[in-house]
file model.txt (compact mmCIF, C-alpha atoms)
# COMPACT_ATOMS: atom_id res chain seq x y z
CA MET A 613 -18.63 75.77 56.97
CA GLU A 614 -22.00 77.02 58.11
CA LYS A 615 -25.07 75.55 56.53
CA HIS A 616 -27.10 77.79 54.24
CA SER A 617 -30.64 77.27 53.07
CA VAL A 618 -31.54 77.70 49.40
CA ILE A 619 -34.96 79.02 50.46
CA ILE A 620 -33.38 81.80 52.54
CA TYR A 621 -31.06 82.74 49.66
CA ILE A 622 -34.07 83.03 47.37
CA LEU A 623 -36.06 85.11 49.87
CA ILE A 624 -33.11 87.49 50.29
CA ALA A 625 -32.82 87.93 46.53
CA ILE A 626 -36.56 88.55 46.15
CA LEU A 627 -36.68 91.09 49.01
CA THR A 628 -33.56 93.02 48.04
CA THR A 629 -34.37 93.20 44.33
CA ASN A 630 -37.92 94.44 44.89
CA LEU A 631 -36.92 96.91 47.59
CA ILE A 632 -34.56 98.57 45.10
CA ARG A 633 -37.43 98.90 42.65
CA VAL A 634 -39.88 100.38 45.14
CA VAL A 635 -37.80 102.85 47.17
CA PRO A 636 -37.23 105.57 44.53
CA MET A 637 -40.87 105.40 43.45
CA ALA A 638 -41.99 105.79 47.08
CA LEU A 639 -39.68 108.76 47.68
CA ILE A 640 -40.28 110.72 44.48
CA LYS A 641 -43.66 112.38 44.75
CA GLY A 642 -44.35 114.84 41.95
CA PRO A 643 -42.55 115.56 38.69
CA ILE A 644 -38.84 116.31 38.96
CA ARG A 645 -38.18 119.94 37.97
CA ASN A 646 -34.40 119.86 37.81
CA ARG A 647 -33.41 119.76 34.15
CA PHE A 648 -30.16 117.89 34.73
CA VAL A 649 -31.89 115.15 36.73
CA ARG A 650 -34.62 114.84 34.11
CA SER A 651 -32.04 114.57 31.34
CA PHE A 652 -29.99 112.07 33.36
CA LEU A 653 -33.03 109.85 33.87
CA TYR A 654 -33.86 110.15 30.17
CA TYR A 655 -30.51 108.67 29.14
CA VAL A 656 -30.22 106.00 31.86
CA PRO A 657 -32.33 103.25 30.27
CA TYR A 658 -30.58 103.45 26.90
CA VAL A 659 -27.10 103.56 28.37
CA THR A 660 -27.64 100.76 30.89
CA LEU A 661 -29.09 98.36 28.32
CA ALA A 662 -26.29 99.27 25.89
CA VAL A 663 -23.50 98.51 28.37
CA MET A 664 -25.21 95.24 29.31
CA THR A 665 -25.39 94.20 25.66
CA PHE A 666 -21.81 95.00 24.66
CA PRO A 667 -19.33 93.39 25.00
CA ASP A 668 -21.23 90.60 26.81
CA MET A 669 -22.90 89.58 23.58
CA ILE A 670 -19.58 88.67 21.95
CA LEU A 671 -18.17 87.07 25.12
CA VAL A 672 -20.96 84.50 25.46
CA THR A 673 -20.18 82.75 22.18
CA PRO A 674 -17.20 80.33 22.14
CA THR A 675 -15.39 82.59 19.64
CA PRO A 676 -16.19 86.31 19.22
CA LEU A 677 -17.14 86.12 15.51
CA PRO A 678 -20.70 84.72 15.81
CA GLY A 679 -21.40 87.21 18.60
CA VAL A 680 -20.06 90.12 16.52
CA LEU A 681 -22.23 89.12 13.55
CA ALA A 682 -25.31 88.68 15.76
CA PHE A 683 -24.60 92.09 17.33
CA ALA A 684 -24.33 93.78 13.92
CA ALA A 685 -27.39 91.99 12.52
CA GLY A 686 -29.37 92.81 15.68
CA ILE A 687 -28.55 96.52 15.34
CA ILE A 688 -29.57 96.55 11.66
CA ALA A 689 -32.79 94.61 12.32
CA ALA A 690 -33.68 96.90 15.21
CA TRP A 691 -32.83 99.98 13.13
CA LEU A 692 -35.33 98.71 10.53
CA ARG A 693 -37.86 98.39 13.39
CA LEU A 694 -38.48 94.67 12.94
CA GLY A 695 -39.77 94.34 16.52
CA LEU A 696 -38.38 92.73 19.68
CA PHE A 697 -39.16 89.14 18.84
CA ALA A 698 -37.80 89.27 15.29
CA VAL A 699 -34.58 90.96 16.41
CA ALA A 700 -34.06 88.38 19.18
CA ALA A 701 -34.83 85.51 16.80
CA ILE A 702 -32.37 86.79 14.18
CA CYS A 703 -29.57 87.00 16.77
CA CYS A 704 -30.30 83.44 17.99
CA ALA A 705 -30.50 82.05 14.45
CA ILE A 706 -27.17 83.56 13.36
CA VAL A 707 -25.29 82.13 16.32
CA TYR A 708 -26.99 78.74 15.99
CA LEU A 709 -26.35 78.44 12.24
CA LEU A 710 -22.70 79.47 12.61
CA SER A 711 -22.14 76.97 15.41
CA MET A 712 -23.67 74.24 13.24
CA LEU A 713 -21.50 75.29 10.31
CA PHE A 714 -18.25 75.15 12.26
CA ALA A 715 -19.16 72.11 14.35
CA GLY A 716 -20.27 70.13 11.29
CA MET B 628 -67.14 105.01 33.75
CA LYS B 629 -67.85 102.98 30.62
CA SER B 630 -65.14 104.79 28.74
CA THR B 631 -62.58 104.24 31.52
CA GLN B 632 -63.38 100.54 31.40
CA ARG B 633 -62.95 100.49 27.66
CA ASN B 634 -59.66 102.36 28.02
CA MET B 635 -58.47 99.90 30.61
CA ARG B 636 -59.33 96.97 28.38
CA ARG B 637 -57.36 98.61 25.57
CA ASP B 638 -54.41 99.23 27.92
CA ILE B 639 -54.45 95.56 28.96
CA LEU B 640 -54.53 94.41 25.32
CA ASP B 641 -51.78 96.86 24.35
CA GLY B 642 -49.72 95.58 27.27
CA LEU B 643 -50.20 92.01 26.09
CA HIS B 644 -49.25 93.03 22.57
CA VAL B 645 -45.84 94.28 23.70
CA GLY B 646 -45.61 91.67 26.47
CA ILE B 647 -45.92 88.56 24.32
CA PRO B 648 -42.68 89.06 22.32
CA ILE B 649 -40.94 89.82 25.62
CA ALA B 650 -42.46 86.65 27.09
CA MET B 651 -41.14 84.52 24.20
CA ALA B 652 -37.64 85.90 24.55
CA TYR B 653 -37.82 85.61 28.36
CA PHE B 654 -38.80 81.99 28.04
CA ALA B 655 -35.68 81.24 26.02
CA VAL B 656 -33.41 83.26 28.28
CA ALA B 657 -34.91 81.88 31.51
CA PHE B 658 -34.43 78.39 30.16
CA SER B 659 -30.67 78.89 30.07
CA LEU B 660 -30.87 80.54 33.49
CA GLY B 661 -32.62 77.40 34.77
CA ILE B 662 -29.62 75.31 33.76
CA ILE B 663 -27.48 77.40 36.13
CA ALA B 664 -30.16 77.34 38.85
CA ALA B 665 -30.20 73.53 38.69
CA LYS B 666 -26.48 73.50 39.41
CA ALA B 667 -27.16 75.65 42.51
CA GLY B 668 -29.57 72.99 43.78
CA LEU B 669 -32.89 74.66 43.00
CA THR B 670 -35.88 72.45 42.25
CA ALA B 671 -38.31 73.41 39.49
CA PRO B 672 -40.94 74.88 41.91
CA MET B 673 -38.20 76.88 43.68
CA GLY B 674 -36.99 78.17 40.32
CA PHE B 675 -40.53 79.15 39.36
CA VAL B 676 -41.16 81.12 42.57
CA SER B 677 -37.69 82.65 42.62
CA SER B 678 -37.90 83.80 38.99
CA PHE B 679 -41.50 84.98 39.17
CA PHE B 680 -40.82 87.26 42.12
CA THR B 681 -37.23 88.35 41.36
CA ARG B 682 -37.42 88.85 37.57
CA ALA B 683 -33.82 89.99 37.11
CA SER B 684 -31.65 88.29 34.53
CA ALA B 685 -28.23 89.46 35.67
CA GLY B 686 -29.35 89.53 39.32
CA GLU B 687 -30.64 85.97 39.23
CA TYR B 688 -27.57 84.76 37.39
CA GLY B 689 -25.47 86.27 40.19
CA THR B 690 -27.76 84.83 42.86
CA TYR B 691 -27.56 81.27 41.57
CA THR B 692 -23.82 81.53 41.16
CA LEU B 693 -23.49 82.66 44.79
CA ILE B 694 -25.81 79.91 46.02
CA ALA B 695 -23.70 77.35 44.19
CA ALA B 696 -20.62 78.83 45.89
CA HIS B 697 -22.28 78.70 49.36
CA ALA B 698 -21.63 82.43 49.77
CA ALA B 699 -22.56 84.36 52.92
CA TYR B 700 -26.06 85.85 53.03
CA ALA B 701 -24.58 89.36 53.35
CA GLU B 702 -22.63 88.82 50.16
CA LEU B 703 -25.87 88.00 48.35
CA VAL B 704 -27.50 91.21 49.65
CA VAL B 705 -24.59 93.35 48.41
CA MET B 706 -24.51 91.59 45.04
CA CYS B 707 -28.29 92.08 44.57
CA LEU B 708 -27.97 95.77 45.47
CA VAL B 709 -25.10 96.49 43.10
CA ILE B 710 -26.15 94.40 40.13
CA ASN B 711 -29.75 95.66 40.30
CA LEU B 712 -28.90 99.27 41.04
CA ARG B 713 -30.13 100.21 37.58
CA TYR B 714 -33.68 99.38 38.72
CA MET B 715 -33.38 102.27 41.15
CA LEU B 716 -32.63 104.61 38.27
CA MET B 717 -35.42 103.05 36.20
CA SER B 718 -37.86 103.42 39.09
CA ALA B 719 -36.98 107.10 39.36
CA ALA B 720 -37.38 107.48 35.59
CA LEU B 721 -40.71 105.62 35.56
CA SER B 722 -42.02 107.81 38.40
CA GLN B 723 -42.03 110.64 35.86
CA LYS B 724 -44.18 108.65 33.43
CA ILE B 725 -47.10 108.05 35.79
CA ALA B 726 -50.05 110.42 35.61
CA PRO B 727 -50.33 112.77 38.61
CA GLY B 728 -53.12 111.62 40.92
CA THR B 729 -52.42 107.92 40.34
CA SER B 730 -52.81 106.09 43.66
CA ARG B 731 -49.79 105.27 45.78
CA TRP B 732 -50.43 101.53 45.44
CA HIS B 733 -50.47 101.69 41.67
CA ARG B 734 -47.18 103.58 41.70
CA LEU B 735 -45.53 101.03 44.00
CA LEU B 736 -46.90 98.05 42.11
CA MET B 737 -45.70 99.53 38.82
CA ALA B 738 -42.26 99.88 40.40
CA VAL B 739 -42.32 96.20 41.37
CA CYS B 740 -43.05 95.34 37.72
CA ILE B 741 -39.76 96.88 36.54
CA THR B 742 -37.47 94.67 34.52
CA ASP B 743 -35.20 95.98 31.77
CA GLU B 744 -37.76 95.17 29.09
CA VAL B 745 -41.01 95.91 30.95
CA PHE B 746 -39.47 99.22 31.94
CA GLY B 747 -38.39 99.72 28.33
CA VAL B 748 -41.87 99.30 26.89
CA SER B 749 -43.51 101.20 29.77
CA TYR B 750 -41.14 104.09 29.28
CA ALA B 751 -41.70 104.03 25.51
CA HIS B 752 -45.49 104.32 25.95
CA PRO B 753 -46.55 107.68 24.52
CA GLY B 754 -47.66 110.15 27.20
CA TYR B 755 -48.37 108.89 30.69
CA THR B 756 -48.09 105.13 31.13
CA PRO B 757 -51.37 103.54 32.32
CA PRO B 758 -50.83 101.04 35.20
CA ALA B 759 -52.88 98.33 33.43
CA TYR B 760 -50.49 98.47 30.45
CA THR B 761 -47.45 97.81 32.63
CA TYR B 762 -49.28 95.13 34.66
CA SER B 763 -50.35 93.04 31.69
CA ALA B 764 -46.92 93.28 30.01
CA ALA B 765 -45.29 92.32 33.33
CA LEU B 766 -47.68 89.48 34.14
CA ILE B 767 -47.45 87.65 30.82
CA SER B 768 -43.67 88.07 30.61
CA SER B 769 -43.09 87.07 34.26
CA LEU B 770 -45.15 83.91 33.82
CA PHE B 771 -43.04 82.82 30.87
CA TRP B 772 -39.87 83.89 32.64
CA ALA B 773 -40.76 81.67 35.61
CA LEU B 774 -41.93 78.79 33.39
CA GLY B 775 -38.75 78.96 31.32
CA CYS B 776 -36.60 78.82 34.44
CA ALA B 777 -38.52 75.86 35.87
CA LEU B 778 -38.32 74.01 32.56
CA GLY B 779 -34.62 74.80 32.24
CA ILE B 780 -34.03 73.24 35.66
CA VAL B 781 -35.83 70.06 34.61
CA ALA B 782 -34.74 69.70 31.00
CA GLY B 783 -31.76 72.02 30.54
CA ASN B 784 -29.14 69.39 30.26
CA ILE B 785 -31.00 67.64 27.47
CA LEU B 786 -30.38 70.47 24.98
CA PRO B 787 -27.06 70.57 23.12
CA GLN B 788 -24.65 73.31 24.22
CA GLN B 789 -24.76 75.15 20.86
CA MET B 790 -28.50 75.56 21.19
CA VAL B 791 -28.22 76.89 24.74
CA THR B 792 -25.61 79.44 23.61
CA ALA B 793 -27.76 80.48 20.65
CA LEU B 794 -30.81 80.89 22.90
CA SER B 795 -28.83 83.11 25.25
CA MET B 796 -28.56 85.62 22.36
CA ALA B 797 -32.29 86.27 22.72
CA LEU B 798 -31.72 88.51 25.73
CA TYR B 799 -29.23 90.74 23.94
CA GLY B 800 -31.31 90.85 20.76
CA MET B 801 -34.21 92.04 22.85
CA PHE B 802 -32.09 94.78 24.41
CA LEU B 803 -31.08 95.97 20.93
CA GLY B 804 -34.73 95.94 19.87
CA ILE B 805 -35.50 98.33 22.72
CA ILE B 806 -32.61 100.80 22.48
CA ILE B 807 -31.94 101.11 18.74
CA PRO B 808 -35.28 102.39 17.35
CA PRO B 809 -35.32 105.51 19.60
CA ALA B 810 -31.78 106.30 18.37
CA ARG B 811 -33.26 106.85 14.92
CA LYS B 812 -35.49 109.59 16.23
CA ASP B 813 -33.08 111.24 18.66
CA ARG B 814 -29.52 111.77 17.53
CA ASN B 815 -28.39 112.37 21.14
CA VAL B 816 -29.54 108.86 22.08
CA LEU B 817 -27.51 107.56 19.14
CA TYR B 818 -24.38 109.31 20.45
CA ALA B 819 -25.03 108.02 23.98
CA LEU B 820 -25.39 104.45 22.66
CA ALA B 821 -22.20 104.70 20.59
CA ALA B 822 -20.30 106.02 23.61
CA SER B 823 -21.77 103.22 25.76
CA PHE B 824 -20.71 100.45 23.37
CA VAL B 825 -17.20 101.84 22.99
CA LEU B 826 -16.56 102.56 26.67
CA SER B 827 -18.12 99.29 27.79
CA GLY B 828 -15.93 97.37 25.36
CA LEU B 829 -12.83 99.25 26.51
CA CYS B 830 -13.64 98.69 30.20
CA ALA B 831 -14.07 94.96 29.68
CA ALA B 832 -10.71 94.76 27.90
CA ALA B 833 -8.57 97.34 29.75
CA PRO B 834 -5.96 95.95 32.17
CA VAL B 835 -7.11 97.13 35.62
CA VAL B 836 -10.76 97.97 35.00
CA SER B 837 -11.56 94.60 33.46
CA GLY B 838 -11.07 93.10 36.93
CA LEU B 839 -14.31 94.77 38.01
CA SER B 840 -17.39 92.58 38.06
CA SER B 841 -19.78 93.17 35.18
CA GLY B 842 -22.37 94.44 37.69
CA THR B 843 -19.99 97.17 38.87
CA ARG B 844 -19.02 98.06 35.31
CA ILE B 845 -22.70 98.43 34.34
CA VAL B 846 -23.53 100.70 37.27
CA VAL B 847 -20.43 102.92 36.98
CA LEU B 848 -20.73 103.35 33.21
CA THR B 849 -24.48 103.99 33.37
CA VAL B 850 -24.09 106.79 35.91
CA LEU B 851 -21.04 108.28 34.18
CA ILE B 852 -22.27 108.24 30.56
CA SER B 853 -25.83 109.35 31.44
CA ALA B 854 -24.48 112.24 33.53
CA VAL B 855 -22.17 113.42 30.75
CA ALA B 856 -24.96 113.09 28.17
CA ALA B 857 -27.35 115.03 30.43
CA TRP B 858 -24.72 117.74 30.90
CA LEU B 859 -23.79 118.05 27.20
CA LYS B 860 -27.22 117.43 25.69
CA PRO B 861 -29.96 118.19 28.22
CA VAL B 862 -33.44 117.24 27.07
CA ASN B 863 -36.13 119.76 26.30
CA THR B 864 -39.40 118.77 27.84
CA GLU B 865 -42.74 120.40 27.28
CA ALA B 866 -43.35 120.28 31.04
CA ASP B 867 -40.35 122.51 31.68
CA GLY B 868 -40.90 124.86 28.80
CA GLU B 869 -37.85 127.03 28.52
CA ALA B 870 -36.76 126.49 32.11
call {"tool": "encode", "arguments": {"input": "model.txt", "output": "C-alpha cells"}}
result
Amino acid sequence: MEKHSVIIYILIAILTTNLIRVVPMALIKGPIRNRFVRSFLYYVPYVTLAVMTFPDMILVTPTPLPGVLAFAAGIIAAWLRLGLFAVAAICCAIVYLLSMLFAG
Amino acid sequence: MKSTQRNMRRDILDGLHVGIPIAMAYFAVAFSLGIIAAKAGLTAPMGFVSSFFTRASAGEYGTYTLIAAHAAYAELVVMCLVINLRYMLMSAALSQKIAPGTSRWHRLLMAVCITDEVFGVSYAHPGYTPPAYTYSAALISSLFWALGCALGIVAGNILPQQMVTALSMALYGMFLGIIIPPARKDRNVLYALAASFVLSGLCAAAPVVSGLSSGTRIVVLTVLISAVAAWLKPVNTEADGEA
C-alpha cells in the first residue's frame, strides 16, 4: 500500500472543487440568449437542492418516521416563509424530540 | 461615489442578514462533518483550512470518507468532480445574475463563493446580485462552517448520537427553506420540485439505479429534470422579450 498524505488529499479537494466553480464563470461572458439554456439554468438550483434533500433526509434517521415528519414540517414551515434558520431548527427539534421519546 | 459606498455598506449588511442564519445552520452541519473528518485523521486546524476553502457538504463528506479509506488521489479528483458538478451549473446560472461591466475578478471571486446556500441567496437577490452581498454572506457562513468542522473534530464524540443525528437535519431544513418559498410564486417550480422528490425517491429505492452513488444520482436527476422542465415550461424573461 502506498502512503498518502492527508495534506495532499485536502489540497486536491480544495483545488478541484474551486476549479469547478470558476470555469463556467470564466467561460460565459455576456448574457445567455438561448431560451432553453436560460430556462434550464433557472430550474437547476431548485431541482438539485430538492434531489439532495429527498430521500436523504429520511435515510439519515435510524427509522424513516422522524425524517418523514421533519421533511413534512420543514416544507410547511418553509411554505409559511418562516426563514432558513427557523425551518432548520424545526427539523432538528422534531427529530431530537422523537429520538428522546422513543429512547426514553 | 458617496452613494456607491452607501450602497456597498447596505449590500454587506444585507449579505450578513441572510448569511447569519446560514452560518448557524452550517455550524451545526459542519460539526457533524467534523466527526467524520476526525475519523479520517484530520486535526482541528486541518479541518478548519479544508472546510474554509472547500465549503462543500456532500463533497467534503465524500473526501473524508475517501481519505479514511486511503483511496487513490485520482479517485478523489473524480469524486470531487462528480459530486460537485452542480456547482458548475450554479456558476453558469450565477453568471447571468451579475451586472454587465462587473470586473473579471469580481465574477471569478463570486464563483468561488458558491455553495448551495450562498448560491441560493445570491440567486434569490432581486435584480443583479452585487458582489459585496455574496462576499459577506459567504464570509460569515464559511467562517462558521470551518469553525464547526474544527470543533466537531475536537469535541464530536462527546455529543450523544441522537443529538448528532438531529443536528444533521439542519442542512436539509435549510435546503427546504431555500427551495419552497419560490414554489409559492411560480407554479412551474412547484411542479419541478414535486417531480424531483418523487423521482429522487424512486431512484434511491429502485433495484438497479439505487446502486448508483448519491453524487451520480444528484447530477443525473438535476440535468434530466431541469432539461425537461425547461423544454415543457420555458421561462419568460424580460431580457428576451418575446424571443
call {"tool": "residues_around", "arguments": {"input": "model.txt", "residues": "Leu798 in chain B", "least_positions_apart": "5", "cutoff": "9 Å", "atoms": "only C-alpha atoms", "output": "VMD selection string"}}
result
(chain A and resid 665 700) or (chain B and resid 652 to 653 655 to 656 684 803)
call {"tool": "residues_around", "arguments": {"input": "model.txt", "residues": "range 804-821 of chain B", "least_positions_apart": "5", "cutoff": "10 Å", "atoms": "only C-alpha atoms", "output": "NGL selection string"}}
result
(:A and (654-663 or 686-700)) or (:B and (743-744 or 747-748 or 751 or 798-799 or 826-827 or 852-853 or 855-857 or 859-862))
call {"tool": "closest_residue", "arguments": {"input": "model.txt", "among": "B:Leu766, B:Ile845, B:Ile785, B:Ala657", "to": "chain A", "atoms": "all atoms listed in the file"}}
result
B:Ile845
call {"tool": "atom_distance", "arguments": {"input": "model.txt", "atom1": "CA of Gly642 in chain B", "atom2": "CA of Ser763 in chain B"}}
result
5.1 Å
call {"tool": "residues_around", "arguments": {"input": "model.txt", "residues": "Lys724 in chain B", "least_positions_apart": "5", "cutoff": "8 Å", "atoms": "all atoms listed in the file", "output": "ChimeraX atom specification"}}
result
/B:750,754-756
call {"tool": "closest_residue", "arguments": {"input": "model.txt", "among": "B:Tyr714, B:Tyr762, B:Phe654, B:Phe771", "to": "Val634 in chain A", "atoms": "all atoms listed in the file"}}
result
B:Tyr714
call {"tool": "closest_residue", "arguments": {"input": "model.txt", "among": "B:Val835, B:Leu786, B:Leu669, B:Leu778", "to": "chain A", "atoms": "all atoms listed in the file"}}
result
B:Leu669
call {"tool": "closest_residue", "arguments": {"input": "model.txt", "among": "B:Leu736, B:Ile663, B:Leu640, B:Met673", "to": "Leu774 in chain B", "atoms": "all atoms listed in the file"}}
result
B:Met673
call {"tool": "atom_distance", "arguments": {"input": "model.txt", "atom1": "CA of Gly674 in chain B", "atom2": "CA of Leu623 in chain A"}}
result
11.8 Å
call {"tool": "residues_around", "arguments": {"input": "model.txt", "residues": "Val705 in chain B", "least_positions_apart": "6", "cutoff": "12 Å", "atoms": "only C-alpha atoms", "output": "list of chain:residue names"}}
result
A:Ile624, A:Ala625, A:Thr628, A:Thr629, A:Ile632, B:Gly686, B:Gly689, B:Thr690, B:Leu693, B:Ala698, B:Ala699, B:Asn711, B:Leu712, B:Gly842, B:Thr843
call {"tool": "closest_residue", "arguments": {"input": "model.txt", "among": "B:His697, B:His752, B:Lys666, B:Arg633", "to": "chain A", "atoms": "all atoms listed in the file"}}
result
B:His697
call {"tool": "atom_distance", "arguments": {"input": "model.txt", "atom1": "CA of Met790 in chain B", "atom2": "CA of Ala696 in chain B"}}
result
26.1 Å
call {"tool": "closest_residue", "arguments": {"input": "model.txt", "among": "B:Met706, B:Ala831, B:Ile780, B:Leu721", "to": "Ser749 in chain B", "atoms": "all atoms listed in the file"}}
result
B:Leu721
call {"tool": "residues_around", "arguments": {"input": "model.txt", "residues": "Met712 in chain A", "least_positions_apart": "6", "cutoff": "12 Å", "atoms": "all atoms listed in the file", "output": "PyMOL selection string"}}
result
(chain A and resi 678+705-706) or (chain B and resi 787-790+792-793)
